[in-house]
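See below for the structure under consideration.
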Amino acid sequence: MAELSERMRALVQPHLAGIEPYDPNFTPTRINLSANENTYPLPDGVRAAIDGVLAATPLNRYPDPMSGALRDELAAWHGVTRENVCVGNGGDELLYNFLLAFGGQGRTLLVCPPCFSEYEFFASLTQTSVRTVRRDRKTLRVDEKATLAAAQTADLVIVTSPNNPTGDALPVSFVAQLCRACPGMVMLDEAYIEFADAGYDACGLLASCPNLVILHTLSKAFGEAGIRCGYVIAAADAIDVFAAVRQIYSVNVLTQAAALAAAQMRDAFVPVVEKIRSERERMLAALESDERVQAWPSQGNFLLVRVDEASAIRRRLRDEHSILVRDFSAVPGLEGCLRITVGTPEENDEVLAALEALLDEEA
Ligand SMILES: *Cc1c(COP(=O)(O)O)cnc(C)c1O
C-alpha cells in the first residue's frame with residue numbers, strides 16, 4: 001500500500017502520519033466469497049418494493065437527519081422506542097462515532113482479537129489506546145475471565161458476537177457480566193446475529209445494562225451492503241450522544257427509503273437466512289472431512305479454515321478459479337487461515353471442489 005507523501009506526513013495531525021490510503025485490492029471475480037455479503041438475490045417482492053419507494057423519493061430535499069420513519073420501524077422490530085435507536089451510514093460509521101464520542105486521548109479501548117480490524121483502526125484515528133485480551137490460540141474463543149478482569153479498568157469495550165472472523169458467539173450471560181464489570185460503555189457488535197442460533201441476541205439486556213450499545217446492520221443477513229445502513233440500540237441518553245456527534249446528513253434519502261422497505265419486509269428474509277445456515281453446516285461437514293483442513297464451527301455466514309500454504313491457495317483460487325476468499329494468514333493468531341463466506345449452494349460446491357483440487361496439487 002502507498003504511504004503518504006513526505007509533504008503530507010508533515011501536514012497531517014502527528015498521530016496520523018503513519019496512515020495509508022485504503023487500497024481494497026479489488027479484483028473482479030466470478031465468485032466473490034470474501035466480504036461476508038449475502039450472495040443470494042433479494043427475496044421475492046423485496047426488490048420490487050425497494051424500487052417502488054426509490055422511484056417515489058424526491059432527491060431535491062435534504063434527508064431527515066435522524067431517519068424518523070426508519071427509526072420507528074427498527075424500534076418496533078426490536079421492542080424498544082425510537083429514543084433507543086440511531087441509524088448510521090453502515091455499521092462502520094457508528095463504530096467510528098462510538099470511538100469518537102467515548103474514546104480519545106487518555107482513554108483505553110478493550111478488544112479481544114482476532115476480531116474486526118476496524119476497531120483498532122478507528123481507535124488509532126481517534127487516539128484511543130487499545131488493550132487486548134487475546135483469544136485462545138486453539139479454540140479462538142474469548143478468555144472470559146481475563147476479559148472481565150481487564151474490563152474493570154477499561155474506558156470502553158467492543159466485543160463481537162458472532163465474531164468476525166472466528167465465527168463464535170458470546171453467551172448473553174457473559175455480555176451482562178461484561179457490562180457490570182466495565183465502568184464505561186460496552187459495544188456489542190451483532191453484525192451477524194441473524195445467522196446465530198436462538199438465544200444469542202443480547203437485546204434483552206438493554207433494560208438492565210444502561211452502558212450497553214448493540215450494533216446491527218442491513219449489510220449481511222439482509223443482503224444490502226451496498227445501501228450502507230446500520231443502527232445502534234441503546235439507552236436513550238447514549239443514543240443522544242450518537243445523535244450529537246454524527247454528521248447530520250450521513251444517511252441519505254435513498255438509503256432511508258430502501259432500508260425502511262427492507263425492514264418492513266424483514267420476515268421475507270427468514271428462508272434465505274435459514275438456507276445460509278444449513279449451507280454453512282453442509283460446508284463445515286465437508287471441510288471437516290478433509291484431514292488437511294482445520295475448520296471452526298461458526299454462528300455467522302462464513303467459515304474460518306486453516307490450511308497449509310494458505311496464501312498460495314487463496315491466490316490460486318482467485319487466479320485459476322476466479323473465486324475470491326479472504327486471507328487472514330498475516331494476522332497474529334490466524335496463521336494459515338482463510339475466511340470463506342457461505343454463498344449459494346452452487347458457489348459453495350465450486351469453492352469446495354476448487355479448494356480440494358488445490359490442496360491435492362500443493363501437497
Ligand atoms: C460487516 C461488519 C460490520 C458492519 O458493516 P457495515 O456494512 O458497515 O454495516 C460491523 N462489524 C462487523 C464485525 C462486520 O463484519
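Labeling convention for the C-alpha cells: chains A, B, ... as they appear, residues from 1 per chain, ligands from 1 in order of appearance.
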
Legend entry - Surroundings of ligand 1 up to 6 Å, based on only C-alpha atoms and all ligand atoms, as a PyMOL selection string: chain A and resi 90-92+116+164+189+191+217+219+225+228-230

Inset, instruction - Excluding Phe195 of chain A and residues on its chain fewer than 2 positions from it, collect all residues at most 12 Å away from it, counting only C-alpha atoms, and give them as a PyMOL selection string. - result: chain A and resi 36+38+161-163+167-169+190-193+197-201+220-222+269-281+298-302+342

Pull C-alpha atoms from the residues just selected and write them as a tab-separated table (two decimals), in the first residue's frame.
```tsv
chain	number	residue	atom	x	y	z
A	36	ASN	CA	-19.41	-11.87	4.09
A	38	ASN	CA	-25.34	-12.21	1.30
A	161	SER	CA	-21.00	-11.85	18.62
A	162	PRO	CA	-20.86	-13.78	16.35
A	163	ASN	CA	-17.24	-12.74	15.92
A	167	GLY	CA	-17.39	-17.32	13.98
A	168	ASP	CA	-18.07	-17.95	17.67
A	169	ALA	CA	-20.86	-16.22	19.58
A	190	GLU	CA	-24.06	-8.12	16.40
A	191	ALA	CA	-23.50	-7.64	12.66
A	192	TYR	CA	-24.08	-11.39	12.11
A	193	ILE	CA	-26.63	-12.10	14.85
A	197	ASP	CA	-28.74	-19.93	16.97
A	198	ALA	CA	-31.68	-18.65	19.03
A	199	GLY	CA	-30.65	-17.35	22.42
A	200	TYR	CA	-27.57	-15.32	21.45
A	201	ASP	CA	-29.23	-11.97	20.73
A	220	LYS	CA	-25.13	-9.09	5.99
A	221	ALA	CA	-28.32	-11.12	6.56
A	222	PHE	CA	-30.44	-8.52	4.78
A	269	PHE	CA	-35.52	-12.87	4.69
A	270	VAL	CA	-36.09	-15.74	7.13
A	271	PRO	CA	-35.90	-18.50	4.47
A	272	VAL	CA	-32.66	-17.06	2.99
A	273	VAL	CA	-31.03	-16.92	6.40
A	274	GLU	CA	-32.16	-20.50	7.10
A	275	LYS	CA	-30.69	-21.60	3.77
A	276	ILE	CA	-27.36	-19.94	4.53
A	277	ARG	CA	-27.31	-21.56	7.99
A	278	SER	CA	-27.90	-25.01	6.51
A	279	GLU	CA	-25.32	-24.43	3.77
A	280	ARG	CA	-22.87	-23.36	6.48
A	281	GLU	CA	-23.32	-26.70	8.27
A	298	SER	CA	-19.47	-20.73	13.03
A	299	GLN	CA	-22.57	-18.83	14.06
A	300	GLY	CA	-22.07	-16.36	11.18
A	301	ASN	CA	-22.39	-16.62	7.39
A	302	PHE	CA	-18.73	-17.53	6.98
A	342	VAL	CA	-21.12	-19.06	2.79
```

Legend entry - Spatial neighbours of Gly18 of chain A, 10 Å, only C-alpha atoms, chain gap at least 2 places, as a PyMOL selection string: chain A and resi 3-4+9+12+14-16+20

Inset, instruction - Write down as a list in words the residues of segment 125-157 of chain A whose backbone DSSP state falls under alpha helix (DSSP H). - result: Leu125, Glu144, Lys145, Ala146, Thr147, Leu148, Ala149, Ala150 and Ala151 of chain A

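Minimum distance to Val80 of chain A across A:Leu352, A:Ile214, A:Val325, A:Ile233 (counting only C-alpha atoms) occurs at A:Ile233.
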
Legend entry - Contacts of Leu140 of chain A at 12 Å (only C-alpha atoms; same-chain gap of 3+ positions) as a list in words: Cys112, Pro113, Pro114, Cys115, Val133, Arg134, Arg135, Asp136, Arg137, Asp143, Glu144, Asn163, Asn164, Pro165, Thr166, Gly167, Asp168, Ala169, Ala295, Trp296, Pro297, Ser298, Leu304, Val305, Pro332, Gly333, Leu334 and Cys337 of chain A

The selected residues should be written to file as a CSV table (one decimal), in the first residue's frame (atoms: N, CA, C and O atoms).
```csv
chain,number,residue,atom,x,y,z
A,112,CYS,N,-10.9,-8.1,22.0
A,112,CYS,CA,-10.5,-9.4,22.1
A,112,CYS,C,-10.1,-10.0,20.7
A,112,CYS,O,-10.9,-10.7,20.1
A,113,PRO,N,-8.9,-9.7,20.2
A,113,PRO,CA,-8.5,-10.1,18.9
A,113,PRO,C,-8.2,-11.6,18.9
A,113,PRO,O,-7.8,-12.2,19.9
A,114,PRO,N,-8.2,-12.3,17.7
A,114,PRO,CA,-8.6,-11.7,16.4
A,114,PRO,C,-10.0,-11.3,16.3
A,114,PRO,O,-10.9,-12.1,16.6
A,115,CYS,N,-10.3,-10.1,15.9
A,115,CYS,CA,-11.7,-9.6,15.7
A,115,CYS,C,-11.6,-8.6,14.5
A,115,CYS,O,-10.6,-8.5,13.8
A,133,VAL,N,-7.1,-8.5,25.0
A,133,VAL,CA,-7.1,-9.8,25.7
A,133,VAL,C,-7.3,-10.8,24.6
A,133,VAL,O,-8.4,-11.0,24.0
A,134,ARG,N,-6.2,-11.5,24.2
A,134,ARG,CA,-6.2,-12.3,23.0
A,134,ARG,C,-7.1,-13.6,23.2
A,134,ARG,O,-7.2,-14.1,24.4
A,135,ARG,N,-7.6,-14.1,22.2
A,135,ARG,CA,-8.4,-15.3,22.2
A,135,ARG,C,-7.5,-16.5,22.4
A,135,ARG,O,-6.3,-16.5,22.0
A,136,ASP,N,-8.1,-17.6,22.8
A,136,ASP,CA,-7.4,-18.9,23.0
A,136,ASP,C,-6.8,-19.3,21.6
A,136,ASP,O,-7.5,-19.2,20.6
A,137,ARG,N,-5.5,-19.6,21.6
A,137,ARG,CA,-4.9,-19.9,20.3
A,137,ARG,C,-5.5,-21.1,19.5
A,137,ARG,O,-5.5,-21.1,18.3
A,143,ASP,N,-11.3,-15.3,26.2
A,143,ASP,CA,-10.9,-15.7,27.5
A,143,ASP,C,-11.8,-14.8,28.5
A,143,ASP,O,-11.5,-13.7,28.7
A,144,GLU,N,-12.9,-15.4,28.9
A,144,GLU,CA,-13.9,-14.6,29.6
A,144,GLU,C,-13.4,-14.1,30.9
A,144,GLU,O,-13.6,-12.9,31.2
A,163,ASN,N,-18.5,-13.5,16.2
A,163,ASN,CA,-17.2,-12.7,15.9
A,163,ASN,C,-16.8,-13.0,14.5
A,163,ASN,O,-16.8,-14.1,14.0
A,164,ASN,N,-16.3,-11.9,13.9
A,164,ASN,CA,-15.7,-11.9,12.6
A,164,ASN,C,-14.2,-11.8,12.8
A,164,ASN,O,-13.8,-10.8,13.4
A,165,PRO,N,-13.3,-12.7,12.4
A,165,PRO,CA,-13.6,-13.8,11.5
A,165,PRO,C,-13.7,-15.2,12.2
A,165,PRO,O,-13.7,-16.2,11.5
A,166,THR,N,-13.7,-15.3,13.5
A,166,THR,CA,-13.6,-16.6,14.1
A,166,THR,C,-15.0,-17.4,14.2
A,166,THR,O,-15.0,-18.6,14.4
A,167,GLY,N,-16.1,-16.7,14.1
A,167,GLY,CA,-17.4,-17.3,14.0
A,167,GLY,C,-18.1,-17.7,15.3
A,167,GLY,O,-19.3,-18.0,15.2
A,168,ASP,N,-17.4,-17.6,16.4
A,168,ASP,CA,-18.1,-18.0,17.7
A,168,ASP,C,-19.0,-16.8,18.2
A,168,ASP,O,-18.7,-15.7,17.9
A,169,ALA,N,-20.0,-17.2,19.0
A,169,ALA,CA,-20.9,-16.2,19.6
A,169,ALA,C,-20.7,-16.2,21.1
A,169,ALA,O,-20.2,-17.2,21.7
A,295,ALA,N,-11.2,-26.6,10.5
A,295,ALA,CA,-12.3,-25.6,10.4
A,295,ALA,C,-12.9,-25.4,11.7
A,295,ALA,O,-13.0,-26.3,12.5
A,296,TRP,N,-13.4,-24.2,12.0
A,296,TRP,CA,-14.0,-23.9,13.3
A,296,TRP,C,-15.5,-23.8,13.0
A,296,TRP,O,-15.9,-23.2,12.0
A,297,PRO,N,-16.3,-24.2,14.0
A,297,PRO,CA,-17.8,-24.0,13.8
A,297,PRO,C,-18.1,-22.5,13.8
A,297,PRO,O,-17.3,-21.8,14.4
A,298,SER,N,-19.2,-22.2,13.2
A,298,SER,CA,-19.5,-20.7,13.0
A,298,SER,C,-20.9,-20.5,13.3
A,298,SER,O,-21.8,-21.2,12.8
A,304,LEU,N,-14.1,-20.0,9.0
A,304,LEU,CA,-12.7,-19.8,9.1
A,304,LEU,C,-12.0,-21.2,9.0
A,304,LEU,O,-12.4,-22.1,9.7
A,305,VAL,N,-11.0,-21.3,8.1
A,305,VAL,CA,-10.4,-22.6,7.9
A,305,VAL,C,-8.9,-22.4,7.9
A,305,VAL,O,-8.4,-21.3,7.5
A,332,PRO,N,-1.9,-12.0,13.4
A,332,PRO,CA,-1.4,-12.8,14.6
A,332,PRO,C,-2.5,-13.7,15.1
A,332,PRO,O,-3.6,-13.3,15.4
A,333,GLY,N,-2.1,-15.0,15.3
A,333,GLY,CA,-3.1,-16.0,15.8
A,333,GLY,C,-3.9,-16.7,14.7
A,333,GLY,O,-4.6,-17.7,15.0
A,334,LEU,N,-3.9,-16.2,13.5
A,334,LEU,CA,-4.6,-16.8,12.4
A,334,LEU,C,-3.7,-17.3,11.3
A,334,LEU,O,-4.1,-17.3,10.1
A,337,CYS,N,-4.8,-19.1,8.0
A,337,CYS,CA,-6.3,-19.1,7.9
A,337,CYS,C,-6.8,-18.3,6.8
A,337,CYS,O,-6.4,-17.2,6.4
```

Legend entry - Near-segment 83-89 of chain A list (9 Å; only C-alpha atoms; drop same-chain fewer than 3 positions) as a ChimeraX atom specification: /A:66-67,70-72,74-75,80,92-94,227-240,242-243,246,250-252,255

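One finds atom CA of Pro58 of chain A at 29.1 Å from atom CA of Leu215 of chain A.
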
Inset, instruction - Work out how far atom CA of Asn97 of chain A is from atom CA of Gln152 of chain A, in Å to one decimal. - result: 22.6 Å
